[in-house]
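Each remark here refers to the structure printed beneath this line.
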Amino acid sequence: MYKYRYILVLFTLLLSFSTCSIREEERGGPVVTEEKIRFELFTRIGAYGLPVSRAGADETNVDQRPWVLVFRGTNGDAEFVEAVQADELNGKTYVYLTEQTVACRLLILANQSSGFYVGNTLYAFTAENFNTCLENKTLTYASENLLTAALTDPQTTVPYVGQKLPMSDLVDVTKIDASVTIPQVQLKRVVGKIIVRNTDPDFVLEGITTVTNVAKESRLYNLNGTLKQSIGAGNLVEYRVDNLYSSNIANAETIVVGEQTTGNNPLYVYETHTLSNNTYLIIRGRYMNDPFFYKMALVDDHLDMLNLQRNTEYIFTITSVKGMGYGTIADVKASLASNTNLNYTILVQDQAGYEIMSNNEYYLGVTNSHFEIYASAGTSDTYTAFTMITDCKTTFPDKRTITSLTSGLEIVAPANGKIPVSTDSPYEVKIKMLAGFTSGEIELYLGNLRKVITVRRNDMLSGVARVINQFIDNGYYVSAHVEDYASHTWLKLSPGEGGVRNDPDYIYVDDGKINLNVERNGSGKRVGVVYVAVGKGSTQRIKVYITQAVIAS
């Protein structure tokens, strides 16, 4: 008789989440050997930060049977062991892995339906092909050599539109047996996303005509996050509908008078080092009612070149057009980038950052619905309680307010107490706490959408080391991360039962308990922020703002 050992990783998801629906085998489930351990997989997808475009790709769903590649070891030299495709049973996803007595790294590949390349050879996703390509190879080798299926040049349609986006993640386990759990899988999309908007009333954006010199393929997983430079013309493609550039690869739509966007027709591109590969966009529009093309370099608000990264959304908003563009594609391609004639701002979003509520007209999102702060009251200090975002264009005369419902809690920004509309830019809501304030509420009201943010103040921490394990009343915590951990290593996360592990900056647990370990402070007052996700029932995010005094000499 076969022996089954089950490990359940029970995890409530943070914001947008994907369930791995499951196909049940006719004989009652997948077959396993005596040495296999069955794990249930839970995956979470970091949303681009805004609701999905209706004409874009399927940005949030995960296929039913992702692949798990096991590497034995703790770093890039971890050696390939096996490749297993997850199976389905009674509405859940399971993977059957060979028992290992040492630490392993698990590379998860989801939505990989079109095969993978190693060199110039295309392979179907099978265990045999992974064994052929990775036998005696390391995780570093897999990261550098397992590639997506290649795009064609020219690419006459935006890739992945109407399809699921390829995704991947890497998780670590101390061993593979019945005593451990697999951390929740935090999937990241292999592609980035580009949207162009226009708010200049003297210019009409008609669309993105072409994107030039983007990578034709991408690593399935980028272990070190670096981008290859100068990859050569043979590894670059151009997105265009036809050789005459008669149509746009991504059309813009008018959303209000004087404003257009390609938001419902986004571009999906592989990560690219834009400077060395000369990546740029050509947009089509009408300036003072005359048709022109403009060449856009991909730069940030400081005019520094901006690389295109995976799992990242880039929204370029044209704020003013200062002159004519070019009349033909040939001329605009030969020109320098038109950034001197185009003033625009850039919004970059690389993770799910908002609790979103919406109706069929607009959405309202906040980074957190509870603000837990350790700081003194009765000072002139102001704090960002949360950040909000909306695509609402309606200036509601009454219900467009941010209001403190508690005395002693003042709204500092926005100073007029009105929710900013007609902008997709995030807005920081700032507060001041008067003497004696301990807890209160902030109400957001936008049309028929209402959101209440709770605030609770605790005294500033002393300089001694301590552990915080309660961030909200009766909280069941599922994950947490330290913001900018590289500069805040004095804040470390750990499971509720057990010490600090190898993931002190970003942690998932399955028992609802998380410890925030605040180290002893001997170097002056310091400040840090931790975000905690609460599950079981409605999902919410907590922003924990820590101020810690120095130990008195």
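Chain lettering (A, B, ...) mirrors the order of the structure tokens, residue numbering begins at 1 for each chain separately, and ligand numbering begins at 1 in order of display.
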
If we count only C-alpha atoms, what is near Asn277 of chain A at a cut-off of 9 Å, once residues fewer than 4 positions away on the same chain are taken out, given as a PyMOL selection string? chain A and resi 213-215+229-233+236+272-273

Preceding selection exported with all heavy atoms as an mmCIF file, in the first residue's frame:
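Everything below was put into part.cif:
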```cif
data_model
loop_
_atom_site.group_PDB
_atom_site.id
_atom_site.type_symbol
_atom_site.label_atom_id
_atom_site.label_comp_id
_atom_site.auth_asym_id
_atom_site.auth_seq_id
_atom_site.Cartn_x
_atom_site.Cartn_y
_atom_site.Cartn_z
ATOM 1 N N ASN A 213 12.982 47.881 -30.360
ATOM 2 C CA ASN A 213 14.155 47.345 -29.666
ATOM 3 C C ASN A 213 13.844 46.880 -28.246
ATOM 4 O O ASN A 213 14.444 47.333 -27.271
ATOM 5 C CB ASN A 213 15.284 48.384 -29.629
ATOM 6 C CG ASN A 213 15.812 48.713 -31.005
ATOM 7 O OD1 ASN A 213 15.805 47.869 -31.897
ATOM 8 N ND2 ASN A 213 16.252 49.945 -31.201
ATOM 9 N N VAL A 214 12.876 45.982 -28.144
ATOM 10 C CA VAL A 214 12.629 45.298 -26.876
ATOM 11 C C VAL A 214 13.058 43.845 -27.024
ATOM 12 O O VAL A 214 13.139 43.304 -28.131
ATOM 13 C CB VAL A 214 11.147 45.386 -26.448
ATOM 14 C CG1 VAL A 214 10.785 46.793 -26.064
ATOM 15 C CG2 VAL A 214 10.227 44.873 -27.538
ATOM 16 N N ALA A 215 13.334 43.204 -25.917
ATOM 17 C CA ALA A 215 13.845 41.833 -25.944
ATOM 18 C C ALA A 215 12.835 40.884 -26.571
ATOM 19 O O ALA A 215 11.636 40.987 -26.317
ATOM 20 C CB ALA A 215 14.191 41.383 -24.540
ATOM 21 N N GLN A 229 22.940 43.840 -20.935
ATOM 22 C CA GLN A 229 23.093 45.025 -21.769
ATOM 23 C C GLN A 229 23.536 44.646 -23.174
ATOM 24 O O GLN A 229 24.171 43.615 -23.391
ATOM 25 C CB GLN A 229 24.120 45.986 -21.158
ATOM 26 C CG GLN A 229 23.761 46.454 -19.758
ATOM 27 C CD GLN A 229 24.731 47.498 -19.246
ATOM 28 O OE1 GLN A 229 25.248 48.309 -20.000
ATOM 29 N NE2 GLN A 229 24.975 47.470 -17.946
ATOM 30 N N SER A 230 23.160 45.490 -24.131
ATOM 31 C CA SER A 230 23.615 45.331 -25.526
ATOM 32 C C SER A 230 23.471 43.889 -25.997
ATOM 33 O O SER A 230 24.436 43.235 -26.391
ATOM 34 C CB SER A 230 25.082 45.793 -25.664
ATOM 35 O OG SER A 230 25.232 47.116 -25.223
ATOM 36 N N ILE A 231 22.245 43.402 -25.989
ATOM 37 C CA ILE A 231 22.021 41.984 -26.306
ATOM 38 C C ILE A 231 22.057 41.716 -27.804
ATOM 39 O O ILE A 231 21.987 40.558 -28.220
ATOM 40 C CB ILE A 231 20.690 41.487 -25.713
ATOM 41 C CG1 ILE A 231 19.501 42.274 -26.270
ATOM 42 C CG2 ILE A 231 20.726 41.568 -24.200
ATOM 43 C CD1 ILE A 231 18.163 41.782 -25.756
ATOM 44 N N GLY A 232 22.167 42.746 -28.632
ATOM 45 C CA GLY A 232 22.330 42.542 -30.063
ATOM 46 C C GLY A 232 21.030 42.585 -30.827
ATOM 47 O O GLY A 232 19.980 42.193 -30.321
ATOM 48 N N ALA A 233 21.104 43.047 -32.081
ATOM 49 C CA ALA A 233 19.903 43.212 -32.905
ATOM 50 C C ALA A 233 19.147 41.910 -33.088
ATOM 51 O O ALA A 233 17.919 41.908 -33.189
ATOM 52 C CB ALA A 233 20.292 43.808 -34.262
ATOM 53 N N LEU A 236 16.464 41.399 -30.438
ATOM 54 C CA LEU A 236 15.515 42.484 -30.246
ATOM 55 C C LEU A 236 14.413 42.422 -31.297
ATOM 56 O O LEU A 236 14.638 41.953 -32.415
ATOM 57 C CB LEU A 236 16.228 43.842 -30.332
ATOM 58 C CG LEU A 236 17.304 44.112 -29.283
ATOM 59 C CD1 LEU A 236 18.099 45.355 -29.651
ATOM 60 C CD2 LEU A 236 16.673 44.260 -27.906
ATOM 61 N N THR A 272 14.023 44.849 -20.207
ATOM 62 C CA THR A 272 14.972 45.366 -21.188
ATOM 63 C C THR A 272 15.848 46.440 -20.561
ATOM 64 O O THR A 272 15.354 47.307 -19.843
ATOM 65 C CB THR A 272 14.224 45.992 -22.388
ATOM 66 O OG1 THR A 272 13.356 45.022 -22.965
ATOM 67 C CG2 THR A 272 15.187 46.479 -23.454
ATOM 68 N N HIS A 273 17.133 46.392 -20.866
ATOM 69 C CA HIS A 273 18.034 47.482 -20.524
ATOM 70 C C HIS A 273 17.903 48.513 -21.645
ATOM 71 O O HIS A 273 18.528 48.397 -22.706
ATOM 72 C CB HIS A 273 19.467 46.972 -20.390
ATOM 73 C CG HIS A 273 20.410 47.967 -19.803
ATOM 74 N ND1 HIS A 273 20.969 48.995 -20.537
ATOM 75 C CD2 HIS A 273 20.891 48.114 -18.535
ATOM 76 C CE1 HIS A 273 21.746 49.715 -19.766
ATOM 77 N NE2 HIS A 273 21.724 49.204 -18.544
#
```

Please report as a tab-separated table every residue of segment 212-329 of chain A lying within 12 Å of segment 107-124 of chain A, along with the nearest atom pair and their distance in Å (one decimal), using only C-alpha atoms.
```
residue	atom	partner	partner_atom	distance
A:Lys216	CA	A:Tyr117	CA	11.9
A:Glu217	CA	A:Tyr117	CA	9.1
A:Ser218	CA	A:Tyr117	CA	9.7
A:Arg219	CA	A:Tyr117	CA	9.3
A:Leu220	CA	A:Leu109	CA	7.4
A:Tyr221	CA	A:Leu107	CA	8.1
A:Asn222	CA	A:Leu107	CA	10.8
A:Leu223	CA	A:Leu107	CA	10.0
A:Asn235	CA	A:Asn120	CA	11.4
```

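Look at Met305 of chain A: the protein and nucleic acid residues within 8 Å of it, using only C-alpha atoms and passing over chain neighbours fewer than 3 places away, are Thr274, Leu275, Ala297, Leu298, Val299 and Asp300 of chain A.
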
Limited to C-alpha atoms, could you put the picked residues into a file as a CSV table (one decimal), in the first residue's frame?
```
chain,number,residue,atom,x,y,z
A,274,THR,CA,16.6,50.4,-22.5
A,275,LEU,CA,19.7,52.5,-22.8
A,297,ALA,CA,12.7,57.7,-24.8
A,298,LEU,CA,11.8,55.8,-21.7
A,299,VAL,CA,13.0,58.2,-19.0
A,300,ASP,CA,11.9,59.0,-15.4
```

Shell of 10 Å around Tyr427 of chain A, only C-alpha atoms, local chain residues under 5 positions omitted, as a list in words: Val366, Thr384, Phe386, Thr387, Met388, Ile389, Thr390, Ala413, Pro414, Ile419 and Pro420 of chain A

Selection near Tyr280 of chain A, 6 Å with only C-alpha atoms, sequence-local residues under 4 positions removed, as a PyMOL selection string: chain A and resi 211-212+296-297

Going by DSSP on the backbone, which bits of segment 275-360 of chain A are strand (DSSP E or B)? Write them as a PyMOL selection string, please. chain A and resi 280-287+290-297+299+305+308+313-321+326+342-349+355-358

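When DSSP reads the backbone of this structure, the residues of segment 212-449 of chain A it assigns to helix (DSSP H, G or I) are Ala233, Gly234, Asn235, Thr274, Leu275, Ser276, Asn277, Ile329, Ala330, Asp331, Val332, Lys333, Ala334, Ser338, Asn339 and Thr340 of chain A.
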
Write to file, as a compact mmCIF listing (two decimals), in the first residue's frame, the residues of the selection just made, with N, CA and C atoms.
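The resulting file, out-v4.txt, is reproduced below:
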```txt
# COMPACT_ATOMS: atom_id res chain seq x y z
N ALA A 233 21.10 43.05 -32.08
CA ALA A 233 19.90 43.21 -32.90
C ALA A 233 19.15 41.91 -33.09
N GLY A 234 19.86 40.79 -33.13
CA GLY A 234 19.20 39.51 -33.33
C GLY A 234 18.34 39.08 -32.17
N ASN A 235 18.51 39.73 -31.01
CA ASN A 235 17.72 39.39 -29.83
C ASN A 235 16.68 40.46 -29.50
N THR A 274 17.08 49.53 -21.43
CA THR A 274 16.63 50.38 -22.52
C THR A 274 17.74 51.23 -23.13
N LEU A 275 18.70 51.67 -22.32
CA LEU A 275 19.75 52.54 -22.85
C LEU A 275 20.65 51.78 -23.82
N SER A 276 21.16 50.64 -23.40
CA SER A 276 22.09 49.90 -24.26
C SER A 276 21.39 49.27 -25.46
N ASN A 277 20.09 49.03 -25.35
CA ASN A 277 19.35 48.42 -26.45
C ASN A 277 18.56 49.43 -27.28
N ILE A 329 6.91 58.28 -40.32
CA ILE A 329 7.62 57.33 -39.48
C ILE A 329 9.12 57.38 -39.77
N ALA A 330 9.49 57.48 -41.03
CA ALA A 330 10.91 57.51 -41.39
C ALA A 330 11.61 58.69 -40.71
N ASP A 331 10.98 59.85 -40.74
CA ASP A 331 11.59 61.02 -40.12
C ASP A 331 11.68 60.90 -38.61
N VAL A 332 10.60 60.41 -37.99
CA VAL A 332 10.62 60.33 -36.53
C VAL A 332 11.63 59.29 -36.06
N LYS A 333 11.80 58.21 -36.81
CA LYS A 333 12.79 57.20 -36.42
C LYS A 333 14.21 57.75 -36.51
N ALA A 334 14.43 58.65 -37.48
CA ALA A 334 15.76 59.22 -37.65
C ALA A 334 16.06 60.32 -36.65
N SER A 338 11.72 62.77 -28.63
CA SER A 338 10.99 64.04 -28.52
C SER A 338 10.71 64.46 -27.09
N ASN A 339 11.49 63.96 -26.15
CA ASN A 339 11.19 64.29 -24.77
C ASN A 339 11.30 65.78 -24.47
N THR A 340 12.05 66.51 -25.31
CA THR A 340 12.10 67.96 -25.12
C THR A 340 10.80 68.62 -25.54
```
